[in-house]
file start_7.cif (mmCIF, C-alpha atoms)
data_entry
loop_
_atom_site.label_atom_id
_atom_site.label_comp_id
_atom_site.auth_asym_id
_atom_site.auth_seq_id
_atom_site.Cartn_x
_atom_site.Cartn_y
_atom_site.Cartn_z
CA MET K 1 14.63 8.25 4.35
CA ASN K 2 13.51 5.47 6.60
CA ILE K 3 14.94 1.98 6.36
CA MET K 4 11.63 0.15 5.88
CA PRO K 5 9.92 1.71 2.87
CA GLY K 6 6.17 2.20 2.82
CA LEU K 7 5.56 1.40 6.46
CA GLU K 8 3.44 4.47 7.23
CA SER K 9 1.00 4.02 4.38
CA THR K 10 0.68 0.30 5.11
CA ALA K 11 0.05 0.99 8.80
CA SER K 12 -2.70 3.44 7.92
CA ALA K 13 -4.24 0.88 5.56
CA LEU K 14 -4.16 -1.89 8.18
CA ALA K 15 -5.89 0.42 10.66
CA ALA K 16 -8.51 1.44 8.09
CA GLU K 17 -9.21 -2.14 7.00
CA LYS K 18 -9.57 -3.14 10.65
CA VAL K 19 -12.21 -0.47 11.17
CA ARG K 20 -13.99 -1.81 8.07
CA LEU K 21 -13.85 -5.37 9.45
CA ASP K 22 -15.18 -4.07 12.79
CA VAL K 23 -18.13 -2.39 11.09
CA ILE K 24 -18.91 -5.48 8.99
CA GLY K 25 -18.82 -7.54 12.18
CA GLN K 26 -21.25 -5.07 13.77
CA ASN K 27 -23.59 -5.34 10.76
CA ILE K 28 -23.57 -9.15 10.83
CA ALA K 29 -24.07 -9.22 14.61
CA ASN K 30 -27.09 -6.93 14.26
CA ALA K 31 -28.60 -8.64 11.22
CA HIS K 32 -31.74 -9.40 13.24
CA THR K 33 -31.83 -6.47 15.66
CA THR K 34 -35.34 -5.05 15.27
CA ARG K 35 -35.02 -2.39 17.96
CA GLY K 36 -32.06 -0.13 18.63
CA PRO K 37 -31.67 2.61 21.27
CA ASP K 38 -33.89 4.88 19.13
CA GLY K 39 -36.63 2.25 18.83
CA GLN K 40 -35.88 1.75 15.13
CA PRO K 41 -34.47 -1.41 13.54
CA TYR K 42 -30.68 -1.49 13.12
CA ALA K 43 -29.41 0.34 10.02
CA ARG K 44 -26.47 -1.12 8.10
CA LYS K 45 -23.28 0.92 8.50
CA MET K 46 -20.83 1.57 5.68
CA VAL K 47 -17.22 2.74 5.92
CA SER K 48 -15.83 5.05 3.23
CA PHE K 49 -12.11 5.48 2.65
CA GLU K 50 -10.16 8.46 1.39
CA ALA K 51 -6.53 8.81 0.27
CA LYS K 52 -4.43 10.82 2.70
CA LEU K 53 -0.98 12.40 2.41
CA LEU K 54 1.29 11.28 5.24
CA GLU K 55 4.57 12.96 6.15
CA VAL K 56 7.46 10.49 6.37
CA GLY K 57 10.43 12.53 7.51
CA THR K 58 12.79 14.64 5.46
CA ASN K 59 14.94 13.81 2.45
CA SER K 60 18.62 14.60 1.95
CA ASP K 61 17.85 18.10 0.60
CA GLY K 62 15.92 18.99 3.73
CA GLY K 63 12.56 18.82 1.93
CA LYS K 64 9.67 16.89 3.40
CA ASN K 65 8.80 13.46 2.10
CA PHE K 66 5.20 12.46 1.67
CA THR K 67 3.52 9.18 0.94
CA THR K 68 -0.09 8.27 0.23
CA GLY K 69 -1.86 6.51 3.02
CA VAL K 70 -5.52 5.83 3.58
CA GLY K 71 -7.91 7.19 6.16
CA ILE K 72 -11.52 6.76 7.19
CA LYS K 73 -13.66 9.44 5.58
CA GLY K 74 -16.71 8.51 7.56
CA ILE K 75 -19.04 5.78 8.73
CA LYS K 76 -22.53 6.28 7.33
CA SER K 77 -25.77 4.48 7.99
CA ASP K 78 -27.65 3.05 5.04
CA PRO K 79 -31.03 4.90 5.04
CA LYS K 80 -32.80 2.23 2.97
CA ALA K 81 -35.72 0.55 4.80
CA GLY K 82 -35.37 -3.12 5.58
CA PRO K 83 -37.89 -5.79 4.58
CA LEU K 84 -41.29 -6.06 6.28
CA VAL K 85 -42.22 -9.56 7.39
CA TYR K 86 -45.42 -10.91 8.91
CA ASN K 87 -44.76 -12.23 12.41
CA PRO K 88 -47.61 -11.33 14.79
CA GLY K 89 -45.99 -13.04 17.78
CA HIS K 90 -42.92 -10.79 17.62
CA PRO K 91 -42.61 -8.20 20.44
CA ASP K 92 -41.76 -5.49 17.90
CA ALA K 93 -44.66 -6.27 15.54
CA ASP K 94 -47.07 -3.43 14.72
CA GLU K 95 -50.89 -3.69 15.01
CA LYS K 96 -51.05 -5.54 11.67
CA GLY K 97 -48.48 -8.08 12.84
CA MET K 98 -45.70 -6.79 10.57
CA VAL K 99 -42.10 -6.53 11.75
CA ARG K 100 -39.53 -4.23 10.11
CA LEU K 101 -36.22 -6.11 9.87
CA PRO K 102 -32.81 -4.39 9.58
CA ASN K 103 -31.55 -3.60 6.05
CA VAL K 104 -28.53 -5.88 6.52
CA ASN K 105 -27.95 -8.22 3.60
CA LEU K 106 -25.80 -11.10 4.83
CA THR K 107 -24.52 -12.01 1.35
CA HIS K 108 -23.44 -8.43 0.82
CA GLU K 109 -21.67 -8.34 4.19
CA MET K 110 -19.84 -11.62 3.54
CA VAL K 111 -18.54 -10.38 0.18
CA ASP K 112 -17.37 -7.16 1.86
CA LEU K 113 -15.75 -9.23 4.62
CA ILE K 114 -13.75 -11.26 2.11
CA ALA K 115 -12.65 -8.13 0.24
CA ALA K 116 -11.58 -6.44 3.47
CA SER K 117 -9.61 -9.42 4.75
CA ARG K 118 -7.92 -9.89 1.35
CA SER K 119 -6.73 -6.30 1.28
CA TYR K 120 -5.59 -6.66 4.91
CA GLU K 121 -3.51 -9.68 3.85
CA ALA K 122 -2.07 -7.81 0.87
CA ASN K 123 -0.93 -5.01 3.15
CA LEU K 124 0.66 -7.50 5.55
CA GLN K 125 2.57 -8.88 2.57
CA VAL K 126 3.86 -5.37 1.87
CA VAL K 127 5.25 -5.19 5.42
CA ARG K 128 6.91 -8.59 5.05
CA THR K 129 8.54 -7.52 1.79
CA ALA K 130 9.69 -4.21 3.30
CA LYS K 131 11.26 -6.15 6.18
CA GLN K 132 13.04 -8.44 3.73
CA MET K 133 14.37 -5.43 1.82
CA ALA K 134 15.62 -3.80 5.01
CA GLN K 135 17.37 -7.01 6.06
CA ASN K 136 19.06 -7.24 2.67
CA ALA K 137 20.20 -3.64 2.97
CA LEU K 138 21.60 -4.23 6.46
CA ARG K 139 23.52 -7.29 5.31
CA MET K 140 25.34 -5.32 2.60
CA GLY K 141 28.41 -4.37 4.62
CA ARG K 142 29.05 -7.88 5.95
CA MET L 1 41.79 8.23 -2.98
CA ILE L 2 39.06 6.13 -1.45
CA ASP L 3 36.54 8.33 -3.30
CA GLN L 4 37.72 6.90 -6.59
CA ILE L 5 36.67 3.45 -5.45
CA TYR L 6 33.19 4.65 -4.54
CA ASP L 7 32.81 6.84 -7.62
CA ARG L 8 33.00 4.01 -10.12
CA GLU L 9 30.00 4.09 -12.43
CA ASN L 10 28.67 0.64 -11.57
CA TYR L 11 28.73 1.45 -7.86
CA VAL L 12 26.98 4.79 -8.39
CA LEU L 13 24.44 3.13 -10.67
CA ALA L 14 23.71 0.39 -8.14
CA LYS L 15 23.22 3.03 -5.46
CA LYS L 16 20.82 4.98 -7.69
CA LEU L 17 18.87 1.84 -8.55
CA LEU L 18 18.59 0.94 -4.86
CA ASP L 19 17.09 4.39 -4.24
CA VAL L 20 14.65 3.86 -7.08
CA SER L 21 13.69 0.43 -5.76
CA HIS L 22 13.11 1.91 -2.32
CA ALA L 23 10.93 4.68 -3.76
CA ARG L 24 9.05 2.17 -5.88
CA HIS L 25 8.18 0.05 -2.83
CA GLU L 26 6.93 3.22 -1.14
CA ALA L 27 4.70 3.92 -4.16
CA ILE L 28 3.39 0.35 -4.35
CA SER L 29 2.61 0.30 -0.62
CA GLY L 30 0.63 3.50 -1.13
CA ASN L 31 -1.25 1.85 -3.98
CA LEU L 32 -2.03 -1.26 -1.97
CA ALA L 33 -3.13 0.87 0.97
CA ASN L 34 -5.65 2.56 -1.33
CA VAL L 35 -6.90 -0.55 -3.11
CA GLU L 36 -10.45 0.21 -1.88
CA THR L 37 -10.36 4.01 -1.98
CA PRO L 38 -12.90 5.38 -4.47
CA GLY L 39 -11.34 7.35 -7.32
CA TYR L 40 -7.73 6.66 -6.32
CA LYS L 41 -5.23 6.45 -9.19
CA ARG L 42 -2.11 4.36 -8.77
CA VAL L 43 1.31 6.02 -8.63
CA ASP L 44 4.61 4.64 -9.90
CA ILE L 45 8.10 5.76 -10.88
CA LYS L 46 7.97 7.97 -13.99
CA THR L 47 7.87 5.71 -17.05
CA ASP L 48 10.70 7.44 -18.90
CA PHE L 49 13.06 7.18 -15.91
CA ALA L 50 14.52 3.84 -17.07
CA GLU L 51 15.24 5.26 -20.52
CA GLU L 52 16.91 8.33 -19.08
CA LEU L 53 19.09 6.27 -16.75
CA LYS L 54 20.05 3.89 -19.55
CA LYS L 55 21.14 6.82 -21.70
CA LEU L 56 23.23 8.30 -18.87
CA ALA L 57 24.76 4.90 -18.06
CA LYS L 58 25.91 4.57 -21.66
CA SER L 59 27.56 7.99 -21.56
CA ASN L 60 29.34 7.13 -18.26
CA ASP L 61 28.36 10.52 -16.88
CA ILE L 62 28.70 9.85 -13.14
CA GLU L 63 27.64 13.29 -12.00
CA SER L 64 24.41 13.31 -14.00
CA ILE L 65 23.62 9.80 -12.81
CA SER L 66 23.90 10.73 -9.16
CA ALA L 67 21.94 13.94 -9.77
CA LEU L 68 19.09 12.11 -11.50
CA ARG L 69 15.99 11.88 -9.32
CA ALA L 70 13.33 9.23 -9.58
CA THR L 71 10.04 11.08 -9.35
CA LEU L 72 6.65 9.50 -8.94
CA GLU L 73 3.79 10.13 -11.30
CA THR L 74 0.14 9.27 -11.28
CA ASP L 75 -0.65 6.43 -13.65
CA LEU L 76 -3.69 7.48 -15.67
CA ASN L 77 -3.15 4.93 -18.45
CA SER L 78 -3.95 1.77 -16.50
CA PRO L 79 -7.53 0.78 -17.16
CA SER L 80 -10.02 0.85 -14.34
CA VAL L 81 -12.50 -1.97 -13.87
CA ARG L 82 -14.38 -0.25 -11.10
CA PRO L 83 -17.16 2.30 -11.54
CA ASP L 84 -15.47 4.73 -9.13
CA GLY L 85 -12.34 5.01 -11.32
CA ASN L 86 -9.87 3.34 -8.94
CA ASN L 87 -7.25 1.64 -11.14
CA VAL L 88 -5.31 -0.37 -8.53
CA GLN L 89 -5.35 -4.12 -9.19
CA LEU L 90 -4.40 -6.20 -6.20
CA ASP L 91 -2.69 -9.04 -8.09
CA SER L 92 -0.68 -6.96 -10.53
CA GLU L 93 0.39 -4.66 -7.70
CA LEU L 94 1.60 -7.63 -5.63
CA MET L 95 3.50 -8.97 -8.64
CA LYS L 96 5.15 -5.59 -9.14
CA MET L 97 6.06 -5.53 -5.46
CA ASN L 98 7.66 -9.00 -5.61
CA LYS L 99 9.59 -8.10 -8.73
CA ASN L 100 10.81 -4.90 -7.13
CA ALA L 101 11.90 -6.72 -3.95
CA MET L 102 13.79 -9.24 -6.06
CA GLN L 103 15.55 -6.41 -7.86
CA TYR L 104 16.41 -4.85 -4.51
CA GLU L 105 17.88 -8.15 -3.32
CA PHE L 106 19.95 -8.45 -6.49
CA LEU L 107 21.27 -4.92 -6.07
CA THR L 108 22.13 -5.35 -2.39
CA GLN L 109 24.02 -8.54 -3.20
CA TYR L 110 25.79 -6.88 -6.10
CA THR L 111 26.84 -3.96 -3.88
CA ALA L 112 27.86 -6.30 -1.06
CA ASN L 113 30.06 -8.27 -3.47
CA SER L 114 31.74 -5.18 -4.83
CA LEU L 115 32.42 -4.01 -1.27
CA LYS L 116 33.86 -7.44 -0.51
CA ARG L 117 36.15 -7.16 -3.53
CA ILE L 118 37.43 -3.81 -2.29
CA LYS L 119 38.08 -5.38 1.13
CA THR L 120 39.97 -8.22 -0.53
CA ALA L 121 42.08 -5.75 -2.47
CA ILE L 122 42.89 -3.79 0.68
CA THR L 123 43.73 -6.71 2.94
CA GLY L 124 45.02 -9.14 0.33
CA ARG L 125 43.04 -11.91 1.99
CA VAL L 126 39.98 -13.63 0.62
CA MET L 127 37.28 -13.47 3.28
#
call {"tool": "encode", "arguments": {"input": "start_7.cif", "output": "structure tokens"}}
result
Amino acid sequence: MNIMPGLESTASALAAEKVRLDVIGQNIANAHTTRGPDGQPYARKMVSFEAKLLEVGTNSDGGKNFTTGVGIKGIKSDPKAGPLVYNPGHPDADEKGMVRLPNVNLTHEMVDLIAASRSYEANLQVVRTAKQMAQNALRMGR
Amino acid sequence: MIDQIYDRENYVLAKKLLDVSHARHEAISGNLANVETPGYKRVDIKTDFAEELKKLAKSNDIESISALRATLETDLNSPSVRPDGNNVQLDSELMKMNKNAMQYEFLTQYTANSLKRIKTAITGRVM
């Protein structure tokens, strides 16, 4: 048994949420990127999470203790085509003057951003509470 | 002789409840870690654990109390508001966490005070 309960699962969640924030940042940064390395407009990336069993030491009977953490299952590109807009002066316009924009929806990304930062905050609160509990436990003998 | 001091039922009960509180924080942190995981179901201490402990506390059966284990179970009864079936709710989970931490604080203070009383009895001085 470790003195700060739930630290491993919270750490995994903070790492996962940070990856999600990174990807959202990437999507917002590339909201107007009409040409990537493959010549195609940028495709929105999505992070998917999965629950993961983490080993957290052994208990008093010698058995292993597990806790549920979270991991990144994968980062997938959204295959949906972005909007076509008429802009004949654009360097990436086709012969008809149409430009294919990325399929990034800024509203969508902002909502995701808020959700990700809220769950990051919630997990930080878990660490703070665990620290408080450990301090209380350590003060017991005094 | 010293064992008799530490084997009193309220001390054993406080110790057991501290263990439960610790395990509960572990469970809640797992739930909050998976607040965005599709299909995840929240876990918590088994619902009938409190009843069982209450019954044992009434019977003053120290050995059964210390042998009782708080096991976690998946909570399938909480409603899910998400299409993927995840039933973790951020606010209620945070409330449960705060309540649990408060209980932990109460128990640590209770245990600390009973230890202090033992010290007072041994030394004859109020510290």
call {"tool": "resolve_selection", "arguments": {"input": "start_7.cif", "expression": "the PyMOL selection byres ((chain K) within 6 of (chain L))", "output": "PyMOL selection string"}}
result
chain K and resi 5-6+9-10+13+49-50+68-70+137+140
call {"tool": "resolve_selection", "arguments": {"input": "start_7.cif", "expression": "the PyMOL selection byres ((chain K and resi 103-115) around 8)", "output": "VMD selection string"}}
result
chain K and resid 21 24 27 to 28 30 to 31 42 to 44 78 80 to 83 101 to 102 116 to 119
call {"tool": "axis_aligned_box", "arguments": {"input": "start_7.cif", "around": "stretch 8-21 of chain L", "padding_each_side": "4 Å", "output": "AutoDock Vina command-line options"}}
result
--center_x 23.3 --center_y 2.7 --center_z -8.3 --size_x 27.3 --size_y 12.6 --size_z 16.2
call {"tool": "atom_distance", "arguments": {"input": "start_7.cif", "atom1": "atom CA of L:Lys58", "atom2": "atom CA of L:Lys46"}}
result
19.8 Å
call {"tool": "build_atoms", "arguments": {"input": "start_7.cif", "residues": "stretch 99-110 of chain L", "atoms": "N, CA and C atoms", "output": "PDB file, keeping the file's coordinate frame"}}
result
ATOM      1  N   LYS L  99       8.540  -8.328  -7.755  1.00  0.00           N
ATOM      2  CA  LYS L  99       9.590  -8.100  -8.730  1.00  0.00           C
ATOM      3  C   LYS L  99      10.571  -7.037  -8.221  1.00  0.00           C
ATOM      4  N   ASN L 100       9.996  -5.991  -7.650  1.00  0.00           N
ATOM      5  CA  ASN L 100      10.810  -4.900  -7.130  1.00  0.00           C
ATOM      6  C   ASN L 100      11.683  -5.373  -5.972  1.00  0.00           C
ATOM      7  N   ALA L 101      11.124  -6.219  -5.093  1.00  0.00           N
ATOM      8  CA  ALA L 101      11.900  -6.720  -3.950  1.00  0.00           C
ATOM      9  C   ALA L 101      13.044  -7.607  -4.433  1.00  0.00           C
ATOM     10  N   MET L 102      12.759  -8.377  -5.489  1.00  0.00           N
ATOM     11  CA  MET L 102      13.790  -9.240  -6.060  1.00  0.00           C
ATOM     12  C   MET L 102      14.923  -8.392  -6.624  1.00  0.00           C
ATOM     13  N   GLN L 103      14.552  -7.308  -7.295  1.00  0.00           N
ATOM     14  CA  GLN L 103      15.550  -6.410  -7.860  1.00  0.00           C
ATOM     15  C   GLN L 103      16.385  -5.780  -6.744  1.00  0.00           C
ATOM     16  N   TYR L 104      15.713  -5.439  -5.658  1.00  0.00           N
ATOM     17  CA  TYR L 104      16.410  -4.850  -4.510  1.00  0.00           C
ATOM     18  C   TYR L 104      17.417  -5.845  -3.947  1.00  0.00           C
ATOM     19  N   GLU L 105      16.989  -7.120  -3.853  1.00  0.00           N
ATOM     20  CA  GLU L 105      17.880  -8.150  -3.320  1.00  0.00           C
ATOM     21  C   GLU L 105      19.102  -8.317  -4.225  1.00  0.00           C
ATOM     22  N   PHE L 106      18.845  -8.331  -5.534  1.00  0.00           N
ATOM     23  CA  PHE L 106      19.950  -8.450  -6.490  1.00  0.00           C
ATOM     24  C   PHE L 106      20.938  -7.304  -6.297  1.00  0.00           C
ATOM     25  N   LEU L 107      20.406  -6.087  -6.180  1.00  0.00           N
ATOM     26  CA  LEU L 107      21.270  -4.920  -6.070  1.00  0.00           C
ATOM     27  C   LEU L 107      22.056  -4.908  -4.772  1.00  0.00           C
ATOM     28  N   THR L 108      21.399  -5.320  -3.667  1.00  0.00           N
ATOM     29  CA  THR L 108      22.130  -5.350  -2.390  1.00  0.00           C
ATOM     30  C   THR L 108      23.258  -6.373  -2.473  1.00  0.00           C
ATOM     31  N   GLN L 109      22.981  -7.522  -3.112  1.00  0.00           N
ATOM     32  CA  GLN L 109      24.020  -8.540  -3.200  1.00  0.00           C
ATOM     33  C   GLN L 109      25.159  -8.077  -4.106  1.00  0.00           C
ATOM     34  N   TYR L 110      24.771  -7.401  -5.186  1.00  0.00           N
ATOM     35  CA  TYR L 110      25.790  -6.880  -6.100  1.00  0.00           C
ATOM     36  C   TYR L 110      26.692  -5.889  -5.370  1.00  0.00           C
TER      37      TYR L 110
END
